[in-house]
>>> print(open('coords-v4.pdb').read())   # PDB, C-alpha atoms, pLDDT in the B column
MODEL        1
ATOM      1  CA  MET A 241       4.507 -18.210   0.560  1.00 88.00           C
ATOM      2  CA  ALA A 242       5.480 -14.579   0.188  1.00 96.00           C
ATOM      3  CA  THR A 243       5.431 -11.669   2.590  1.00 97.00           C
ATOM      4  CA  VAL A 244       3.395  -8.788   1.169  1.00 98.00           C
ATOM      5  CA  LEU A 245       3.515  -5.213   2.466  1.00 98.00           C
ATOM      6  CA  SER A 246       0.162  -3.516   1.832  1.00 98.00           C
ATOM      7  CA  VAL A 247       0.688   0.257   1.882  1.00 98.00           C
ATOM      8  CA  SER A 248      -2.151   2.778   2.073  1.00 98.00           C
ATOM      9  CA  GLY A 249      -1.146   6.283   1.064  1.00 98.00           C
ATOM     10  CA  SER A 250      -4.442   7.843   2.122  1.00 97.00           C
ATOM     11  CA  PRO A 251      -4.436  10.595   4.749  1.00 95.00           C
ATOM     12  CA  SER A 252      -8.008   9.817   5.806  1.00 93.00           C
ATOM     13  CA  PRO A 253      -8.834   7.490   8.715  1.00 84.00           C
ATOM     14  CA  THR A 254     -12.111   6.573   6.957  1.00 86.00           C
ATOM     15  CA  SER A 255     -10.441   6.084   3.599  1.00 90.00           C
ATOM     16  CA  ARG A 256     -12.031   3.944   0.910  1.00 94.00           C
ATOM     17  CA  THR A 257      -8.502   3.291  -0.343  1.00 96.00           C
ATOM     18  CA  ALA A 258      -7.368   1.787   2.964  1.00 95.00           C
ATOM     19  CA  ARG A 259     -10.593  -0.201   3.321  1.00 95.00           C
ATOM     20  CA  LEU A 260     -10.186  -1.554  -0.202  1.00 97.00           C
ATOM     21  CA  LEU A 261      -6.591  -2.581   0.532  1.00 97.00           C
ATOM     22  CA  ARG A 262      -7.577  -4.358   3.740  1.00 96.00           C
ATOM     23  CA  ASP A 263     -10.279  -6.196   1.758  1.00 96.00           C
ATOM     24  CA  LEU A 264      -7.722  -7.280  -0.855  1.00 97.00           C
ATOM     25  CA  ASP A 265      -5.283  -8.223   1.919  1.00 97.00           C
ATOM     26  CA  ALA A 266      -7.783 -10.886   2.959  1.00 96.00           C
ATOM     27  CA  ARG A 267      -7.644 -12.393  -0.537  1.00 97.00           C
ATOM     28  CA  LEU A 268      -3.847 -12.510  -0.456  1.00 98.00           C
ATOM     29  CA  THR A 269      -3.915 -14.045   3.026  1.00 97.00           C
ATOM     30  CA  ALA A 270      -6.365 -16.699   1.816  1.00 96.00           C
ATOM     31  CA  GLN A 271      -3.855 -17.515  -0.928  1.00 96.00           C
ATOM     32  CA  GLY A 272      -1.279 -18.244   1.762  1.00 95.00           C
ATOM     33  CA  HIS A 273       0.673 -14.995   1.840  1.00 97.00           C
ATOM     34  CA  GLU A 274       1.651 -13.171   5.000  1.00 98.00           C
ATOM     35  CA  VAL A 275       0.256  -9.654   4.628  1.00 98.00           C
ATOM     36  CA  VAL A 276       1.595  -6.733   6.660  1.00 98.00           C
ATOM     37  CA  PRO A 277      -0.545  -3.573   6.480  1.00 98.00           C
ATOM     38  CA  LEU A 278       1.040  -0.121   6.630  1.00 98.00           C
ATOM     39  CA  ASP A 279      -1.125   2.998   6.755  1.00 97.00           C
ATOM     40  CA  VAL A 280       1.273   5.863   6.004  1.00 98.00           C
ATOM     41  CA  ARG A 281      -1.014   8.258   7.885  1.00 97.00           C
ATOM     42  CA  THR A 282      -0.008   6.519  11.133  1.00 97.00           C
ATOM     43  CA  LEU A 283       3.635   7.560  10.719  1.00 98.00           C
ATOM     44  CA  PRO A 284       4.675  10.688  12.628  1.00 98.00           C
ATOM     45  CA  PRO A 285       3.938  13.767  10.488  1.00 97.00           C
ATOM     46  CA  GLU A 286       7.051  15.565  11.724  1.00 97.00           C
ATOM     47  CA  ALA A 287       9.253  12.677  10.560  1.00 97.00           C
ATOM     48  CA  LEU A 288       7.657  12.740   7.107  1.00 97.00           C
ATOM     49  CA  LEU A 289       7.617  16.529   6.722  1.00 95.00           C
ATOM     50  CA  HIS A 290      11.138  17.079   8.029  1.00 96.00           C
ATOM     51  CA  ALA A 291      12.590  14.126   6.079  1.00 96.00           C
ATOM     52  CA  ASP A 292      13.870  12.530   9.262  1.00 97.00           C
ATOM     53  CA  PHE A 293      15.458   9.401   7.782  1.00 96.00           C
ATOM     54  CA  GLY A 294      16.663   8.310  11.228  1.00 97.00           C
ATOM     55  CA  HIS A 295      13.318   8.574  13.015  1.00 98.00           C
ATOM     56  CA  PRO A 296      12.484   5.152  14.544  1.00 98.00           C
ATOM     57  CA  ALA A 297       9.119   4.999  12.736  1.00 98.00           C
ATOM     58  CA  ILE A 298      10.739   5.729   9.363  1.00 98.00           C
ATOM     59  CA  VAL A 299      13.489   3.183  10.046  1.00 98.00           C
ATOM     60  CA  ALA A 300      10.814   0.615  10.951  1.00 98.00           C
ATOM     61  CA  ALA A 301       8.818   1.388   7.777  1.00 98.00           C
ATOM     62  CA  THR A 302      11.977   1.047   5.686  1.00 98.00           C
ATOM     63  CA  GLU A 303      12.613  -2.352   7.289  1.00 98.00           C
ATOM     64  CA  LEU A 304       9.075  -3.446   6.368  1.00 98.00           C
ATOM     65  CA  PHE A 305       9.823  -2.638   2.724  1.00 98.00           C
ATOM     66  CA  ASP A 306      13.140  -4.470   2.967  1.00 98.00           C
ATOM     67  CA  ARG A 307      11.583  -7.669   4.388  1.00 98.00           C
ATOM     68  CA  ALA A 308       8.689  -7.824   1.916  1.00 98.00           C
ATOM     69  CA  ASP A 309       8.714  -9.973  -1.209  1.00 97.00           C
ATOM     70  CA  GLY A 310       5.861  -7.989  -2.719  1.00 98.00           C
ATOM     71  CA  ILE A 311       4.401  -4.544  -2.194  1.00 98.00           C
ATOM     72  CA  VAL A 312       0.823  -3.413  -2.815  1.00 98.00           C
ATOM     73  CA  ILE A 313       0.690   0.388  -3.042  1.00 98.00           C
ATOM     74  CA  GLY A 314      -2.750   1.969  -2.738  1.00 98.00           C
ATOM     75  CA  THR A 315      -3.436   5.670  -3.047  1.00 98.00           C
ATOM     76  CA  PRO A 316      -6.284   8.049  -3.590  1.00 97.00           C
ATOM     77  CA  VAL A 317      -5.797  10.301  -6.593  1.00 96.00           C
ATOM     78  CA  TYR A 318      -5.659  14.026  -5.945  1.00 91.00           C
ATOM     79  CA  LYS A 319      -5.083  16.516  -8.774  1.00 89.00           C
ATOM     80  CA  ALA A 320      -4.249  13.671 -11.203  1.00 89.00           C
ATOM     81  CA  ALA A 321      -1.473  12.252  -9.006  1.00 94.00           C
ATOM     82  CA  TYR A 322      -0.922   9.948  -6.051  1.00 96.00           C
ATOM     83  CA  SER A 323      -1.194  11.412  -2.550  1.00 97.00           C
ATOM     84  CA  GLY A 324       1.417  13.759  -1.115  1.00 96.00           C
ATOM     85  CA  LEU A 325       1.463  11.580   1.984  1.00 97.00           C
ATOM     86  CA  LEU A 326       2.585   8.591  -0.079  1.00 98.00           C
ATOM     87  CA  LYS A 327       5.147  10.783  -1.856  1.00 97.00           C
ATOM     88  CA  SER A 328       6.571  11.830   1.515  1.00 97.00           C
ATOM     89  CA  LEU A 329       7.183   8.213   2.470  1.00 98.00           C
ATOM     90  CA  LEU A 330       8.563   7.165  -0.913  1.00 98.00           C
ATOM     91  CA  ASP A 331      11.017  10.082  -0.738  1.00 97.00           C
ATOM     92  CA  LEU A 332      12.368   8.780   2.580  1.00 97.00           C
ATOM     93  CA  LEU A 333      12.984   5.246   1.362  1.00 98.00           C
ATOM     94  CA  PRO A 334      16.377   4.278  -0.053  1.00 97.00           C
ATOM     95  CA  GLN A 335      16.689   4.880  -3.813  1.00 97.00           C
ATOM     96  CA  TYR A 336      16.433   1.166  -4.598  1.00 97.00           C
ATOM     97  CA  ALA A 337      14.037   0.144  -1.821  1.00 97.00           C
ATOM     98  CA  LEU A 338      11.987  -1.952  -4.240  1.00 98.00           C
ATOM     99  CA  THR A 339      14.901  -3.921  -5.718  1.00 97.00           C
ATOM    100  CA  GLY A 340      13.822  -7.481  -6.426  1.00 95.00           C
ATOM    101  CA  LYS A 341      10.240  -6.813  -5.305  1.00 97.00           C
ATOM    102  CA  THR A 342       6.993  -7.423  -7.159  1.00 98.00           C
ATOM    103  CA  VAL A 343       4.741  -4.353  -6.946  1.00 98.00           C
ATOM    104  CA  LEU A 344       1.002  -3.885  -7.483  1.00 98.00           C
ATOM    105  CA  PRO A 345      -0.129  -0.241  -7.816  1.00 98.00           C
ATOM    106  CA  LEU A 346      -3.774   0.559  -7.038  1.00 98.00           C
ATOM    107  CA  ALA A 347      -5.593   3.886  -7.012  1.00 97.00           C
ATOM    108  CA  THR A 348      -9.016   5.219  -6.115  1.00 97.00           C
ATOM    109  CA  GLY A 349     -10.663   8.425  -7.226  1.00 95.00           C
ATOM    110  CA  GLY A 350     -13.863  10.247  -7.876  1.00 93.00           C
ATOM    111  CA  THR A 351     -13.716  10.459 -11.664  1.00 92.00           C
ATOM    112  CA  THR A 352     -12.462   8.461 -14.614  1.00 90.00           C
ATOM    113  CA  ALA A 353     -10.413  11.534 -15.564  1.00 88.00           C
ATOM    114  CA  HIS A 354      -7.837  10.209 -13.072  1.00 90.00           C
ATOM    115  CA  VAL A 355      -7.591   6.690 -14.469  1.00 90.00           C
ATOM    116  CA  LEU A 356      -4.140   7.289 -15.971  1.00 92.00           C
ATOM    117  CA  ALA A 357      -2.630   8.479 -12.679  1.00 94.00           C
ATOM    118  CA  ILE A 358      -1.217   5.018 -12.054  1.00 95.00           C
ATOM    119  CA  ASP A 359       0.674   4.871 -15.344  1.00 94.00           C
ATOM    120  CA  TYR A 360       1.724   8.511 -15.630  1.00 94.00           C
ATOM    121  CA  ALA A 361       2.342   9.499 -12.004  1.00 94.00           C
ATOM    122  CA  LEU A 362       2.845   6.471  -9.757  1.00 96.00           C
ATOM    123  CA  ARG A 363       4.420   3.827 -12.006  1.00 96.00           C
ATOM    124  CA  PRO A 364       7.460   5.960 -13.021  1.00 97.00           C
ATOM    125  CA  VAL A 365       8.331   6.655  -9.376  1.00 97.00           C
ATOM    126  CA  LEU A 366       7.955   2.998  -8.443  1.00 98.00           C
ATOM    127  CA  ALA A 367      10.021   1.932 -11.482  1.00 97.00           C
ATOM    128  CA  SER A 368      12.836   4.281 -10.432  1.00 97.00           C
ATOM    129  CA  MET A 369      13.106   2.347  -7.162  1.00 98.00           C
ATOM    130  CA  GLY A 370      14.257  -0.859  -8.882  1.00 97.00           C
ATOM    131  CA  PRO A 371      11.438  -3.411  -8.599  1.00 97.00           C
ATOM    132  CA  ALA A 372      11.832  -6.745 -10.352  1.00 96.00           C
ATOM    133  CA  HIS A 373       8.291  -6.446 -11.670  1.00 96.00           C
ATOM    134  CA  ILE A 374       5.396  -3.983 -11.553  1.00 97.00           C
ATOM    135  CA  THR A 375       2.200  -5.869 -12.304  1.00 97.00           C
ATOM    136  CA  PRO A 376      -0.698  -4.177 -14.080  1.00 94.00           C
ATOM    137  CA  GLY A 377      -2.360  -1.767 -11.676  1.00 94.00           C
ATOM    138  CA  TRP A 378      -6.000  -0.877 -11.285  1.00 97.00           C
ATOM    139  CA  PHE A 379      -8.021   2.297 -10.761  1.00 97.00           C
ATOM    140  CA  VAL A 380     -11.287   2.080  -8.810  1.00 97.00           C
ATOM    141  CA  LEU A 381     -13.969   4.746  -8.816  1.00 96.00           C
ATOM    142  CA  ASP A 382     -14.980   5.784  -5.309  1.00 95.00           C
ATOM    143  CA  LYS A 383     -18.624   5.190  -6.189  1.00 95.00           C
ATOM    144  CA  HIS A 384     -17.821   1.502  -6.766  1.00 96.00           C
ATOM    145  CA  ILE A 385     -16.751   1.085  -3.126  1.00 96.00           C
ATOM    146  CA  GLU A 386     -19.593   1.171  -0.623  1.00 94.00           C
ATOM    147  CA  VAL A 387     -18.777   1.193   3.075  1.00 92.00           C
ATOM    148  CA  ARG A 388     -21.185  -1.013   5.004  1.00 89.00           C
ATOM    149  CA  HIS A 389     -23.443   0.936   7.357  1.00 85.00           C
ATOM    150  CA  ASP A 390     -22.102  -0.886  10.409  1.00 83.00           C
ATOM    151  CA  GLY A 391     -18.505  -0.107   9.342  1.00 75.00           C
ATOM    152  CA  SER A 392     -17.657  -3.822   9.187  1.00 78.00           C
ATOM    153  CA  GLY A 393     -16.236  -3.697   5.688  1.00 86.00           C
ATOM    154  CA  ILE A 394     -16.985  -2.730   2.134  1.00 93.00           C
ATOM    155  CA  VAL A 395     -19.058  -3.863  -0.787  1.00 95.00           C
ATOM    156  CA  VAL A 396     -17.359  -3.480  -4.167  1.00 96.00           C
ATOM    157  CA  GLU A 397     -19.428  -3.200  -7.341  1.00 96.00           C
ATOM    158  CA  PRO A 398     -19.415  -6.701  -8.924  1.00 97.00           C
ATOM    159  CA  GLY A 399     -17.617  -5.828 -12.182  1.00 97.00           C
ATOM    160  CA  THR A 400     -14.997  -3.892 -10.272  1.00 97.00           C
ATOM    161  CA  ARG A 401     -14.634  -6.726  -7.753  1.00 97.00           C
ATOM    162  CA  GLU A 402     -13.985  -9.197 -10.564  1.00 97.00           C
ATOM    163  CA  ALA A 403     -11.326  -6.964 -12.156  1.00 97.00           C
ATOM    164  CA  LEU A 404      -9.625  -6.364  -8.798  1.00 97.00           C
ATOM    165  CA  GLU A 405      -9.546 -10.065  -8.003  1.00 97.00           C
ATOM    166  CA  GLN A 406      -7.917 -10.693 -11.367  1.00 97.00           C
ATOM    167  CA  VAL A 407      -5.128  -8.121 -10.819  1.00 97.00           C
ATOM    168  CA  VAL A 408      -4.563  -9.364  -7.260  1.00 97.00           C
ATOM    169  CA  ASP A 409      -4.353 -12.939  -8.510  1.00 97.00           C
ATOM    170  CA  GLN A 410      -1.880 -11.865 -11.231  1.00 97.00           C
ATOM    171  CA  PHE A 411       0.197 -10.156  -8.537  1.00 97.00           C
ATOM    172  CA  SER A 412       0.076 -13.303  -6.413  1.00 97.00           C
ATOM    173  CA  ALA A 413       1.195 -15.421  -9.372  1.00 96.00           C
ATOM    174  CA  ALA A 414       4.005 -12.954 -10.134  1.00 96.00           C
ATOM    175  CA  LEU A 415       5.293 -13.532  -6.617  1.00 94.00           C
ATOM    176  CA  GLY A 416       6.006 -17.027  -7.893  1.00 78.00           C
ATOM    177  CA  ASP A 417       3.970 -18.832  -5.282  1.00 44.00           C
ATOM    178  CA  ARG A 418       0.922 -20.059  -7.145  1.00 37.00           C
ATOM    179  CA  GLU A 419      -1.125 -19.832 -10.294  1.00 41.00           C
ATOM    180  CA  PRO A 420      -3.974 -17.300 -10.306  1.00 40.00           C
ATOM    181  CA  LEU A 421      -7.224 -18.706  -8.979  1.00 40.00           C
ATOM    182  CA  GLY A 422      -9.327 -20.138 -11.747  1.00 42.00           C
ATOM    183  CA  ALA A 423      -6.300 -20.731 -14.007  1.00 42.00           C
ATOM    184  CA  VAL A 424      -6.365 -23.860 -16.104  1.00 42.00           C
ATOM    185  CA  ALA A 425      -3.286 -26.038 -15.693  1.00 40.00           C
TER
ENDMDL
END
>>> encode(input="coords-v4.pdb", output="structure tokens")
Amino acid sequence: MATVLSVSGSPSPTSRTARLLRDLDARLTAQGHEVVPLDVRTLPPEALLHADFGHPAIVAATELFDRADGIVIGTPVYKAAYSGLLKSLLDLLPQYALTGKTVLPLATGGTTAHVLAIDYALRPVLASMGPAHITPGWFVLDKHIEVRHDGSGIVVEPGTREALEQVVDQFSAALGDREPLGAVA
């Protein structure tokens, strides 16, 4: 099976974006993939802000991208674009860091006015980094992600859950390891 790097570009430690990614990571793991989570907010701010390509944490993050077969990129949408934190990391990666990779872009936001942020802001940047394939992404409204009161996980609105499972399964199939769940042979 494939190694998948699951990248959260949210600056918040209580992020719905990160929680959603970790939830989807479990689906990919159940499909037999090795999933490696990366929360960009845990990287040293000074390394990101000063574009310190040689900082050990940036070198380690770059190696995670290099070793992955597939990349899931999740970001909250701010001002109709992906997060500045995610941009900081993407700017520090080699120009063709996604060469040969399969990529799944995901975004969360408070209003449907941001639904096109994946296609008009994030996808062009990802495409410039040379991936073999960018699968259809998905935008999730914040109100469709409920954090459980005990903090043990999330509950995703059923229609949204179904759509997310479909895009994750398409991503998994694009990795070349298996047919999407529920597919008829």
>>> residues_around(input="coords-v4.pdb", residues="A:Ile313", least_positions_apart="6", cutoff="7 Å", atoms="only C-alpha atoms", output="ChimeraX atom specification")
/A:246-248,344-346
>>> write_last_selection(input="coords-v4.pdb", atoms="C-alpha atoms", output="short mmCIF file (atom, residue, chain, number, x, y, z; two decimals), keeping the file's coordinate frame")
data_model
loop_
_atom_site.label_atom_id
_atom_site.label_comp_id
_atom_site.auth_asym_id
_atom_site.auth_seq_id
_atom_site.Cartn_x
_atom_site.Cartn_y
_atom_site.Cartn_z
CA SER A 246 0.16 -3.52 1.83
CA VAL A 247 0.69 0.26 1.88
CA SER A 248 -2.15 2.78 2.07
CA LEU A 344 1.00 -3.88 -7.48
CA PRO A 345 -0.13 -0.24 -7.82
CA LEU A 346 -3.77 0.56 -7.04
#
>>> closest_residue(input="coords-v4.pdb", among="A:Thr243, A:Gly393, A:Ile298, A:Asp292", to="A:Gly272", atoms="all atoms listed in the file")
A:Thr243
>>> residues_around(input="coords-v4.pdb", residues="stretch 381-384 of chain A", least_positions_apart="6", cutoff="8 Å", atoms="all atoms listed in the file", output="list in words")
Arg256, Thr348, Gly349, Gly350, Thr351, Thr352, Val396, Glu397 and Thr400 of chain A
>>> atom_distance(input="coords-v4.pdb", atom1="atom CA of A:Tyr336", atom2="atom CA of A:Gly370")
5.2 Å
>>> resolve_selection(input="coords-v4.pdb", expression="the PyMOL selection byres ((chain A and resi 323) around 10)", output="list in words")
Ser248, Gly249, Ser250, Pro251, Gly314, Thr315, Pro316, Val317, Tyr318, Lys319, Ala320, Ala321, Tyr322, Gly324, Leu325, Leu326, Lys327, Ser328, Ala347 and Leu362 of chain A
>>> closest_residue(input="coords-v4.pdb", among="A:Ala353, A:Ile311, A:Val276, A:Ala301", to="A:Gly340", atoms="only C-alpha atoms")
A:Ile311
>>> atom_distance(input="coords-v4.pdb", atom1="atom CA of A:Pro277", atom2="atom CA of A:Leu245")
5.9 Å
>>> resolve_selection(input="coords-v4.pdb", expression="the PyMOL selection byres ((chain A and resi 333) around 10)", output="PyMOL selection string")
chain A and resi 293+298-299+301-303+305-306+328-332+334-338+369
>>> resolve_selection(input="coords-v4.pdb", expression="the PyMOL selection byres ((chain A and resi 378) around 8)", output="tab-separated table (two decimals) with C-alpha atoms, in the frame of the given file")
chain	number	residue	atom	x	y	z
A	345	PRO	CA	-0.13	-0.24	-7.82
A	346	LEU	CA	-3.77	0.56	-7.04
A	347	ALA	CA	-5.59	3.89	-7.01
A	358	ILE	CA	-1.22	5.02	-12.05
A	376	PRO	CA	-0.70	-4.18	-14.08
A	377	GLY	CA	-2.36	-1.77	-11.68
A	379	PHE	CA	-8.02	2.30	-10.76
A	380	VAL	CA	-11.29	2.08	-8.81
A	404	LEU	CA	-9.62	-6.36	-8.80
A	407	VAL	CA	-5.13	-8.12	-10.82
